[in-house]
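Next comes coords05.pdb, with PDB, C-alpha atoms.
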ATOM      1  CA  MET A  16     113.551 -22.623-141.280
ATOM      2  CA  GLY A  17     114.719 -26.203-141.706
ATOM      3  CA  ILE A  18     114.428 -28.647-144.594
ATOM      4  CA  ILE A  19     114.881 -32.413-144.254
ATOM      5  CA  ALA A  20     115.361 -34.660-147.295
ATOM      6  CA  GLN A  21     116.411 -38.242-147.956
ATOM      7  CA  ARG A  22     120.140 -38.837-148.300
ATOM      8  CA  GLY A  23     121.153 -39.349-151.928
ATOM      9  CA  SER A  24     118.043 -37.685-153.346
ATOM     10  CA  ARG A  25     118.099 -34.573-155.512
ATOM     11  CA  GLU A  26     116.451 -32.735-152.629
ATOM     12  CA  ALA A  27     119.443 -33.511-150.391
ATOM     13  CA  LYS A  28     121.159 -30.568-152.145
ATOM     14  CA  VAL A  29     118.241 -28.210-151.589
ATOM     15  CA  GLY A  30     120.270 -25.800-149.453
ATOM     16  CA  ARG A  31     122.844 -25.271-152.181
ATOM     17  CA  ASP A  32     120.125 -24.953-154.851
ATOM     18  CA  ILE A  33     118.212 -22.331-152.842
ATOM     19  CA  ALA A  34     121.408 -20.399-152.064
ATOM     20  CA  VAL A  35     122.400 -20.346-155.754
ATOM     21  CA  HIS A  36     118.886 -19.295-156.766
ATOM     22  CA  ALA A  37     118.851 -16.459-154.208
ATOM     23  CA  ALA A  38     122.301 -15.254-155.281
ATOM     24  CA  LYS A  39     121.316 -15.297-158.955
ATOM     25  CA  ALA A  40     118.362 -13.090-157.979
ATOM     26  CA  GLY A  41     120.828 -10.567-156.484
ATOM     27  CA  VAL A  42     120.480 -11.529-152.811
ATOM     28  CA  PRO A  43     123.879 -11.497-151.033
ATOM     29  CA  THR A  44     123.920 -15.075-149.763
ATOM     30  CA  LEU A  45     126.306 -16.957-147.488
ATOM     31  CA  LEU A  46     126.393 -20.725-148.019
ATOM     32  CA  TYR A  47     128.064 -23.227-145.697
ATOM     33  CA  THR A  48     128.517 -26.467-147.608
ATOM     34  CA  GLY A  49     130.892 -29.323-148.264
ATOM     35  CA  TYR A  50     129.711 -29.443-151.877
ATOM     36  CA  PRO A  51     130.243 -26.005-153.430
ATOM     37  CA  PRO A  52     128.587 -25.180-156.747
ATOM     38  CA  HIS A  53     130.872 -25.399-159.783
ATOM     39  CA  ASP A  54     130.156 -21.882-160.994
ATOM     40  CA  PRO A  55     128.985 -19.766-158.022
ATOM     41  CA  PRO A  56     127.134 -16.547-158.864
ATOM     42  CA  GLU A  57     128.744 -13.262-157.857
ATOM     43  CA  TRP A  58     126.343 -12.698-154.927
ATOM     44  CA  LEU A  59     127.187 -16.063-153.361
ATOM     45  CA  ALA A  60     129.919 -16.472-150.741
ATOM     46  CA  VAL A  61     130.759 -20.136-150.118
ATOM     47  CA  ASP A  62     132.354 -21.270-146.858
ATOM     48  CA  GLU A  63     133.669 -24.835-146.822
ATOM     49  CA  THR A  64     134.772 -24.855-143.172
ATOM     50  CA  PRO A  65     134.242 -28.525-142.187
ATOM     51  CA  ASN A  66     132.932 -27.838-138.665
ATOM     52  CA  PRO A  67     132.067 -24.168-138.221
ATOM     53  CA  THR A  68     131.236 -22.876-134.753
ATOM     54  CA  PRO A  69     128.455 -20.381-134.019
ATOM     55  CA  THR A  70     131.207 -17.796-133.513
ATOM     56  CA  ASP A  71     132.462 -18.509-137.057
ATOM     57  CA  VAL A  72     128.973 -18.078-138.497
ATOM     58  CA  ASN A  73     128.304 -14.886-136.518
ATOM     59  CA  ALA A  74     131.578 -13.346-137.707
ATOM     60  CA  ARG A  75     131.264 -14.503-141.326
ATOM     61  CA  ALA A  76     127.755 -13.037-141.558
ATOM     62  CA  GLN A  77     129.327  -9.593-140.995
ATOM     63  CA  ARG A  78     131.741  -9.849-143.927
ATOM     64  CA  LEU A  79     130.755  -8.161-147.166
ATOM     65  CA  ILE A  80     129.745  -9.879-150.396
ATOM     66  CA  ASN A  81     130.425  -7.535-153.323
ATOM     67  CA  GLY A  82     130.354  -4.604-150.909
ATOM     68  CA  GLU A  83     127.121  -5.599-149.138
ATOM     69  CA  LYS A  84     126.394  -7.539-145.978
ATOM     70  CA  PRO A  85     124.770 -10.941-146.468
ATOM     71  CA  SER A  86     120.980 -10.954-146.510
ATOM     72  CA  PHE A  87     120.531 -14.728-146.309
ATOM     73  CA  VAL A  88     122.494 -17.595-144.707
ATOM     74  CA  VAL A  89     122.228 -21.272-145.622
ATOM     75  CA  ILE A  90     123.924 -24.048-143.637
ATOM     76  CA  GLU A  91     123.780 -27.367-145.454
ATOM     77  CA  ARG A  92     124.048 -30.468-143.269
ATOM     78  CA  TYR A  93     123.824 -28.252-140.239
ATOM     79  CA  GLU A  94     124.930 -31.121-137.983
ATOM     80  CA  ARG A  95     128.495 -30.218-139.022
ATOM     81  CA  LEU A  96     128.267 -27.275-136.583
ATOM     82  CA  SER A  97     130.658 -27.511-133.660
ATOM     83  CA  PRO A  98     129.793 -26.028-130.285
ATOM     84  CA  THR A  99     131.654 -22.993-129.060
ATOM     85  CA  PRO A 100     133.991 -24.342-126.391
ATOM     86  CA  PRO A 101     133.443 -23.338-122.752
ATOM     87  CA  PRO A 102     133.646 -20.935-121.022
ATOM     88  CA  TYR A 103     132.424 -18.810-123.942
ATOM     89  CA  ARG A 104     129.015 -20.384-124.344
ATOM     90  CA  GLU A 105     126.324 -18.214-122.796
ATOM     91  CA  TRP A 106     124.310 -21.263-121.839
ATOM     92  CA  ASP A 107     126.961 -22.862-119.616
ATOM     93  CA  ASP A 108     125.373 -23.414-116.236
ATOM     94  CA  PRO A 109     127.577 -23.938-113.193
ATOM     95  CA  ILE A 110     124.955 -26.212-111.642
ATOM     96  CA  ASP A 111     125.178 -28.675-114.554
ATOM     97  CA  ASP A 112     126.457 -32.089-113.519
ATOM     98  CA  PRO A 113     130.112 -32.156-114.659
ATOM     99  CA  ASP A 114     130.119 -35.960-114.526
ATOM    100  CA  GLU A 115     127.339 -36.297-117.081
ATOM    101  CA  PRO A 116     128.644 -35.732-120.612
ATOM    102  CA  GLU A 117     126.613 -33.510-122.877
ATOM    103  CA  SER A 118     124.924 -35.404-125.722
ATOM    104  CA  ARG A 119     125.704 -34.582-129.335
ATOM    105  CA  ALA A 120     122.046 -33.599-129.774
ATOM    106  CA  ASP A 121     122.350 -31.063-126.932
ATOM    107  CA  GLN A 122     125.583 -29.694-128.395
ATOM    108  CA  LEU A 123     123.916 -29.301-131.768
ATOM    109  CA  MET A 124     120.827 -27.619-130.343
ATOM    110  CA  TRP A 125     122.884 -25.102-128.398
ATOM    111  CA  SER A 126     125.198 -24.504-131.344
ATOM    112  CA  VAL A 127     122.235 -23.367-133.437
ATOM    113  CA  ARG A 128     120.864 -21.223-130.614
ATOM    114  CA  GLU A 129     124.223 -19.457-130.339
ATOM    115  CA  ILE A 130     124.019 -18.221-133.932
ATOM    116  CA  ARG A 131     123.236 -14.579-133.236
ATOM    117  CA  ILE A 132     122.382 -13.139-136.626
ATOM    118  CA  ASP A 133     119.392 -11.039-137.589
ATOM    119  CA  LEU A 134     119.087 -12.630-141.039
ATOM    120  CA  PRO A 135     116.924 -15.312-142.598
ATOM    121  CA  LEU A 136     118.634 -18.632-141.854
ATOM    122  CA  LEU A 137     117.989 -21.929-143.629
ATOM    123  CA  LEU A 138     119.320 -25.179-142.156
ATOM    124  CA  THR A 139     119.219 -28.505-143.993
ATOM    125  CA  THR A 140     119.890 -32.109-143.072
ATOM    126  CA  VAL A 141     119.238 -35.578-144.448
ATOM    127  CA  VAL A 142     117.759 -38.849-143.249
ATOM    128  CA  ASP A 143     118.727 -42.328-144.417
ATOM    129  CA  PRO A 144     115.297 -43.971-144.387
ATOM    130  CA  GLU A 145     112.647 -42.891-146.845
ATOM    131  CA  PRO A 146     110.688 -40.090-145.157
ATOM    132  CA  GLN A 147     107.399 -41.389-143.788
ATOM    133  CA  LEU A 148     105.174 -38.377-144.245
ATOM    134  CA  SER A 149     102.078 -40.098-142.866
ATOM    135  CA  ARG A 150     103.686 -40.441-139.411
ATOM    136  CA  ARG A 151     105.275 -38.083-136.914
ATOM    137  CA  MET A 152     109.063 -38.063-137.157
ATOM    138  CA  SER A 153     109.390 -39.246-133.575
ATOM    139  CA  THR A 154     107.934 -42.602-134.662
ATOM    140  CA  TRP A 155     110.596 -43.331-137.278
ATOM    141  CA  LEU A 156     113.684 -41.418-136.107
ATOM    142  CA  HIS A 157     115.712 -41.544-132.896
ATOM    143  CA  ILE A 158     115.147 -38.539-130.641
ATOM    144  CA  ASP A 159     118.834 -37.509-130.946
ATOM    145  CA  HIS A 160     118.882 -37.569-134.770
ATOM    146  CA  PRO A 161     119.816 -34.143-136.225
ATOM    147  CA  ALA A 162     116.454 -34.025-138.014
ATOM    148  CA  MET A 163     114.660 -34.378-134.673
ATOM    149  CA  VAL A 164     116.881 -31.737-133.069
ATOM    150  CA  MET A 165     116.072 -29.464-136.007
ATOM    151  CA  THR A 166     112.399 -29.405-135.019
ATOM    152  CA  ASP A 167     113.437 -27.911-131.658
ATOM    153  CA  VAL A 168     115.497 -25.105-133.178
ATOM    154  CA  CYS A 169     113.778 -24.416-136.509
ATOM    155  CA  LYS A 170     110.158 -23.369-136.670
ATOM    156  CA  PRO A 171     108.941 -24.603-139.059
ATOM    157  CA  THR A 172     110.759 -27.637-140.398
ATOM    158  CA  LEU A 173     109.708 -29.113-143.718
ATOM    159  CA  VAL A 174     110.227 -32.811-144.520
ATOM    160  CA  VAL A 175     110.266 -33.413-148.278
ATOM    161  CA  HIS A 176     109.967 -36.566-150.374
ATOM    162  CA  ARG A 177     109.887 -36.665-154.177
ATOM    163  CA  THR A 178     106.793 -38.253-155.663
ATOM    164  CA  SER A 179     107.291 -37.417-159.361
ATOM    165  CA  PRO A 180     109.771 -35.565-161.590
ATOM    166  CA  GLN A 181     107.723 -32.413-161.007
ATOM    167  CA  THR A 182     106.423 -32.705-157.427
ATOM    168  CA  VAL A 183     107.423 -33.413-153.850
ATOM    169  CA  ASP A 184     105.185 -34.320-150.946
ATOM    170  CA  THR A 185     105.872 -32.392-147.760
ATOM    171  CA  ARG A 186     105.084 -32.614-144.081
ATOM    172  CA  LEU A 187     105.352 -29.534-141.892
ATOM    173  CA  GLU A 188     106.859 -30.457-138.532
ATOM    174  CA  VAL A 189     106.251 -27.854-135.847
ATOM    175  CA  ASP A 190     106.789 -30.100-132.850
ATOM    176  CA  PRO A 191     107.186 -33.849-133.425
ATOM    177  CA  HIS A 192     105.843 -34.652-129.940
ATOM    178  CA  GLU A 193     102.623 -32.669-130.232
ATOM    179  CA  TYR A 194      99.498 -33.082-132.288
ATOM    180  CA  ARG A 195      99.778 -29.562-133.707
ATOM    181  CA  THR A 196     102.178 -30.873-136.338
ATOM    182  CA  GLY A 197     101.921 -32.832-139.526
ATOM    183  CA  SER A 198     100.287 -30.559-142.080
ATOM    184  CA  ARG A 199     100.836 -32.199-145.482
ATOM    185  CA  SER A 200     100.850 -30.810-148.995
ATOM    186  CA  THR A 201     102.222 -31.371-152.485
ATOM    187  CA  LEU A 202     104.569 -28.806-154.016
ATOM    188  CA  GLN A 203     105.490 -28.246-157.641
ATOM    189  CA  TRP A 204     109.274 -28.656-157.509
ATOM    190  CA  THR A 205     111.364 -29.459-160.546
ATOM    191  CA  PRO A 206     115.023 -29.974-159.588
ATOM    192  CA  LEU A 207     117.295 -27.251-160.944
ATOM    193  CA  ASN A 208     119.328 -29.737-162.955
ATOM    194  CA  LEU A 209     116.174 -30.893-164.792
ATOM    195  CA  ARG A 210     115.026 -27.410-165.786
ATOM    196  CA  GLN A 211     115.571 -26.215-169.311
ATOM    197  CA  PRO A 212     118.055 -23.299-169.628
TER     198      PRO A 212
END

How would this structure read if it were set down as structure tokens?
Amino acid sequence: MGIIAQRGSREAKVGRDIAVHAAKAGVPTLLYTGYPPHDPPEWLAVDETPNPTPTDVNARAQRLINGEKPSFVVIERYERLSPTPPPYREWDDPIDDPDEPESRADQLMWSVREIRIDLPLLLTTVVDPEPQLSRRMSTWLHIDHPAMVMTDVCKPTLVVHRTSPQTVDTRLEVDPHEYRTGSRSTLQWTPLNLRQP
């Protein structure tokens, strides 16, 4: 699954919040982030590798957390993923045009597809403009934006935008180019840092 939030909003840290919540519930959780929590729970393994490759993620998902394999993986700002260099990528095609450079969007898409883990995986990213939940993403984001790429590799992708201290509006993006997308709803969602202990 993927979650898209506005840069600078409380929801921009949703991956870290969900990972911490899962770990506090006893789920062995692996979190890739550049912003580690100050006091990580014992079931949370934090990896701050700046640009992990799919190979890194595949290998790290096999390492134990308190004697157990991870049950959940979260990659915050998933666009930090780096492609596995050739010739190790399974998708390398000898008929590809060597004179045409691969776009960053293509590299990102294939990087996600090369993550070969049989675990729930949550990817997050951010957008600079305020999310426009009444319109398809393809009308307000460039096709190569990581949020657009996410809709190709994460089914479903949820775009979130805070509407009150207690709620966020959401748009479910299944395919930004098709009409079978765009289901909207309001979720009760109080940020963790606003909840009473």

For region 157-168 of chain A, work out the shell of residues within 10 Å, counting only C-alpha atoms and skipping chain neighbours fewer than 3 positions away, then give it as a count of residues only.
37

Give the padded box for region 79-87 of chain A as lines of an AutoDock Vina configuration file: axis-aligned, covering all atoms listed in the file, 3 Å on each side, centre and edge lengths in Å to one decimal.
center_x = 125.6
center_y = -9.7
center_z = -149.7
size_x = 16.2
size_y = 16.1
size_z = 13.3

Need the shell around region 58-67 of chain A: protein/DNA/RNA residues with any atom at most 10 Å away, counting all atoms listed in the file. Skip same-chain ones fewer than 4 positions apart. Format as an mmCIF file with C-alpha atoms, in the frame of the given file?
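In the end it all went to selection.cif:
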data_model
loop_
_atom_site.group_PDB
_atom_site.id
_atom_site.type_symbol
_atom_site.label_atom_id
_atom_site.label_comp_id
_atom_site.auth_asym_id
_atom_site.auth_seq_id
_atom_site.Cartn_x
_atom_site.Cartn_y
_atom_site.Cartn_z
ATOM 1 C CA ARG A 31 122.844 -25.271 -152.181
ATOM 2 C CA ALA A 34 121.408 -20.399 -152.064
ATOM 3 C CA VAL A 35 122.400 -20.346 -155.754
ATOM 4 C CA HIS A 36 118.886 -19.295 -156.766
ATOM 5 C CA ALA A 37 118.851 -16.459 -154.208
ATOM 6 C CA ALA A 38 122.301 -15.254 -155.281
ATOM 7 C CA LYS A 39 121.316 -15.297 -158.955
ATOM 8 C CA ALA A 40 118.362 -13.090 -157.979
ATOM 9 C CA GLY A 41 120.828 -10.567 -156.484
ATOM 10 C CA VAL A 42 120.480 -11.529 -152.811
ATOM 11 C CA PRO A 43 123.879 -11.497 -151.033
ATOM 12 C CA THR A 44 123.920 -15.075 -149.763
ATOM 13 C CA LEU A 45 126.306 -16.957 -147.488
ATOM 14 C CA LEU A 46 126.393 -20.725 -148.019
ATOM 15 C CA TYR A 47 128.064 -23.227 -145.697
ATOM 16 C CA THR A 48 128.517 -26.467 -147.608
ATOM 17 C CA GLY A 49 130.892 -29.323 -148.264
ATOM 18 C CA TYR A 50 129.711 -29.443 -151.877
ATOM 19 C CA PRO A 51 130.243 -26.005 -153.430
ATOM 20 C CA PRO A 52 128.587 -25.180 -156.747
ATOM 21 C CA ASP A 71 132.462 -18.509 -137.057
ATOM 22 C CA VAL A 72 128.973 -18.078 -138.497
ATOM 23 C CA ARG A 75 131.264 -14.503 -141.326
ATOM 24 C CA ARG A 78 131.741 -9.849 -143.927
ATOM 25 C CA LEU A 79 130.755 -8.161 -147.166
ATOM 26 C CA ILE A 80 129.745 -9.879 -150.396
ATOM 27 C CA ASN A 81 130.425 -7.535 -153.323
ATOM 28 C CA GLY A 82 130.354 -4.604 -150.909
ATOM 29 C CA GLU A 83 127.121 -5.599 -149.138
ATOM 30 C CA PRO A 85 124.770 -10.941 -146.468
ATOM 31 C CA PHE A 87 120.531 -14.728 -146.309
ATOM 32 C CA VAL A 88 122.494 -17.595 -144.707
ATOM 33 C CA VAL A 89 122.228 -21.272 -145.622
ATOM 34 C CA ILE A 90 123.924 -24.048 -143.637
ATOM 35 C CA TYR A 93 123.824 -28.252 -140.239
ATOM 36 C CA GLU A 94 124.930 -31.121 -137.983
ATOM 37 C CA ARG A 95 128.495 -30.218 -139.022
ATOM 38 C CA LEU A 96 128.267 -27.275 -136.583
ATOM 39 C CA SER A 97 130.658 -27.511 -133.660
ATOM 40 C CA PRO A 98 129.793 -26.028 -130.285
ATOM 41 C CA THR A 99 131.654 -22.993 -129.060
ATOM 42 C CA SER A 126 125.198 -24.504 -131.344
#

To one decimal in Å, tell me the separation between CA of Thr68 (chain A) and CA of Leu156 (chain A).
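Taking CA of Thr68 (chain A) and CA of Leu156 (chain A), their separation equals 25.6 Å.
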
Could you produce a table of the residues of region 16-93 of chain A lying within 12 Å of region 200-205 of chain A, with the nearest pair of atoms per residue and their separation in Å rounded to one decimal, using only C-alpha atoms, ordered by chain and increasing residue number, as CSV?
residue,atom,partner,partner_atom,distance
A:Arg25,CA,A:Thr205,CA,9.8
A:Glu26,CA,A:Trp204,CA,9.6
A:Val29,CA,A:Trp204,CA,10.8
A:Asp32,CA,A:Thr205,CA,11.4
A:Ile33,CA,A:Trp204,CA,11.9

Nearest residue to Lys28 (chain A) out of A:Val175, A:Ile132, A:Gln122, A:Thr182, using all atoms listed in the file?
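Answer, going by the shortest atom-to-atom distance: A:Val175.
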
Atomic distance CA of Ser86 (chain A) - CA of Ala74 (chain A), expressed in Å with one decimal:
14.0 Å

Could you please determine the separation between CA of Thr178 (chain A) and CA of Gln21 (chain A) in Å, to one decimal place?
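Pair CA of Thr178 (chain A) / CA of Gln21 (chain A) returns 12.3 Å.
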
Which is closest to Arg22 (chain A) among A:Lys84, A:His176, A:Lys170, A:Arg151, if we use only C-alpha atoms?
A:His176

Atom completion result for region 21-32 of chain A (all heavy atoms) as an mmCIF file, in the frame of the given file:
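Heads up, here's the output in selection30.cif:
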data_model
loop_
_atom_site.group_PDB
_atom_site.id
_atom_site.type_symbol
_atom_site.label_atom_id
_atom_site.label_comp_id
_atom_site.auth_asym_id
_atom_site.auth_seq_id
_atom_site.Cartn_x
_atom_site.Cartn_y
_atom_site.Cartn_z
ATOM 1 N N GLN A 21 115.781 -36.925 -148.020
ATOM 2 C CA GLN A 21 116.411 -38.242 -147.956
ATOM 3 C C GLN A 21 117.821 -38.169 -148.526
ATOM 4 O O GLN A 21 118.056 -37.549 -149.571
ATOM 5 C CB GLN A 21 115.582 -39.265 -148.732
ATOM 6 C CG GLN A 21 116.095 -40.685 -148.585
ATOM 7 C CD GLN A 21 115.169 -41.700 -149.242
ATOM 8 O OE1 GLN A 21 114.278 -41.346 -149.999
ATOM 9 N NE2 GLN A 21 115.382 -42.962 -148.933
ATOM 10 N N ARG A 22 118.752 -38.803 -147.841
ATOM 11 C CA ARG A 22 120.140 -38.837 -148.300
ATOM 12 C C ARG A 22 120.200 -39.448 -149.708
ATOM 13 O O ARG A 22 119.559 -40.446 -149.996
ATOM 14 C CB ARG A 22 120.990 -39.674 -147.349
ATOM 15 C CG ARG A 22 122.489 -39.596 -147.644
ATOM 16 C CD ARG A 22 123.270 -40.509 -146.711
ATOM 17 N NE ARG A 22 123.022 -40.237 -145.321
ATOM 18 C CZ ARG A 22 123.636 -39.300 -144.611
ATOM 19 N NH1 ARG A 22 124.540 -38.530 -145.176
ATOM 20 N NH2 ARG A 22 123.355 -39.127 -143.327
ATOM 21 N N GLY A 23 120.986 -38.837 -150.580
ATOM 22 C CA GLY A 23 121.153 -39.349 -151.928
ATOM 23 C C GLY A 23 120.110 -38.864 -152.919
ATOM 24 O O GLY A 23 120.259 -39.067 -154.128
ATOM 25 N N SER A 24 119.068 -38.198 -152.441
ATOM 26 C CA SER A 24 118.043 -37.685 -153.346
ATOM 27 C C SER A 24 118.473 -36.337 -153.909
ATOM 28 O O SER A 24 119.386 -35.692 -153.394
ATOM 29 C CB SER A 24 116.707 -37.536 -152.614
ATOM 30 O OG SER A 24 116.794 -36.505 -151.634
ATOM 31 N N ARG A 25 117.803 -35.906 -154.973
ATOM 32 C CA ARG A 25 118.099 -34.573 -155.512
ATOM 33 C C ARG A 25 117.827 -33.493 -154.468
ATOM 34 O O ARG A 25 118.491 -32.470 -154.421
ATOM 35 C CB ARG A 25 117.255 -34.313 -156.758
ATOM 36 C CG ARG A 25 117.669 -35.122 -157.968
ATOM 37 C CD ARG A 25 116.901 -34.669 -159.191
ATOM 38 N NE ARG A 25 117.324 -35.398 -160.365
ATOM 39 C CZ ARG A 25 116.624 -36.391 -160.904
ATOM 40 N NH1 ARG A 25 115.482 -36.755 -160.356
ATOM 41 N NH2 ARG A 25 117.067 -37.010 -161.973
ATOM 42 N N GLU A 26 116.819 -33.732 -153.637
ATOM 43 C CA GLU A 26 116.451 -32.735 -152.629
ATOM 44 C C GLU A 26 117.484 -32.617 -151.524
ATOM 45 O O GLU A 26 117.465 -31.664 -150.753
ATOM 46 C CB GLU A 26 115.086 -33.068 -152.021
ATOM 47 C CG GLU A 26 113.938 -32.935 -152.998
ATOM 48 C CD GLU A 26 113.996 -33.980 -154.109
ATOM 49 O OE1 GLU A 26 114.083 -35.184 -153.803
ATOM 50 O OE2 GLU A 26 113.984 -33.567 -155.288
ATOM 51 N N ALA A 27 118.403 -33.583 -151.416
ATOM 52 C CA ALA A 27 119.443 -33.511 -150.391
ATOM 53 C C ALA A 27 120.338 -32.285 -150.605
ATOM 54 O O ALA A 27 120.988 -31.828 -149.681
ATOM 55 C CB ALA A 27 120.274 -34.786 -150.391
ATOM 56 N N LYS A 28 120.344 -31.744 -151.827
ATOM 57 C CA LYS A 28 121.159 -30.568 -152.145
ATOM 58 C C LYS A 28 120.317 -29.300 -152.170
ATOM 59 O O LYS A 28 120.703 -28.296 -152.759
ATOM 60 C CB LYS A 28 121.834 -30.764 -153.497
ATOM 61 C CG LYS A 28 122.758 -31.969 -153.537
ATOM 62 C CD LYS A 28 123.287 -32.205 -154.927
ATOM 63 C CE LYS A 28 124.133 -33.479 -154.966
ATOM 64 N NZ LYS A 28 124.542 -33.829 -156.323
ATOM 65 N N VAL A 29 119.173 -29.335 -151.517
ATOM 66 C CA VAL A 29 118.241 -28.210 -151.589
ATOM 67 C C VAL A 29 118.841 -26.913 -151.042
ATOM 68 O O VAL A 29 118.576 -25.835 -151.569
ATOM 69 C CB VAL A 29 116.917 -28.544 -150.875
ATOM 70 C CG1 VAL A 29 117.115 -28.751 -149.391
ATOM 71 C CG2 VAL A 29 115.878 -27.457 -151.118
ATOM 72 N N GLY A 30 119.668 -27.004 -150.013
ATOM 73 C CA GLY A 30 120.270 -25.800 -149.453
ATOM 74 C C GLY A 30 121.140 -25.091 -150.482
ATOM 75 O O GLY A 30 121.033 -23.869 -150.664
ATOM 76 N N ARG A 31 121.984 -25.857 -151.147
ATOM 77 C CA ARG A 31 122.844 -25.271 -152.181
ATOM 78 C C ARG A 31 122.008 -24.703 -153.322
ATOM 79 O O ARG A 31 122.268 -23.597 -153.809
ATOM 80 C CB ARG A 31 123.805 -26.336 -152.713
ATOM 81 C CG ARG A 31 124.802 -25.784 -153.716
ATOM 82 C CD ARG A 31 125.754 -26.845 -154.187
ATOM 83 N NE ARG A 31 125.049 -27.872 -154.932
ATOM 84 C CZ ARG A 31 125.629 -28.974 -155.392
ATOM 85 N NH1 ARG A 31 126.901 -29.207 -155.146
ATOM 86 N NH2 ARG A 31 124.937 -29.850 -156.078
ATOM 87 N N ASP A 32 120.965 -25.432 -153.753
ATOM 88 C CA ASP A 32 120.125 -24.953 -154.851
ATOM 89 C C ASP A 32 119.432 -23.638 -154.486
ATOM 90 O O ASP A 32 119.367 -22.716 -155.297
ATOM 91 C CB ASP A 32 119.070 -26.000 -155.218
ATOM 92 C CG ASP A 32 119.660 -27.195 -155.955
ATOM 93 O OD1 ASP A 32 120.850 -27.140 -156.338
ATOM 94 O OD2 ASP A 32 118.926 -28.182 -156.152
#
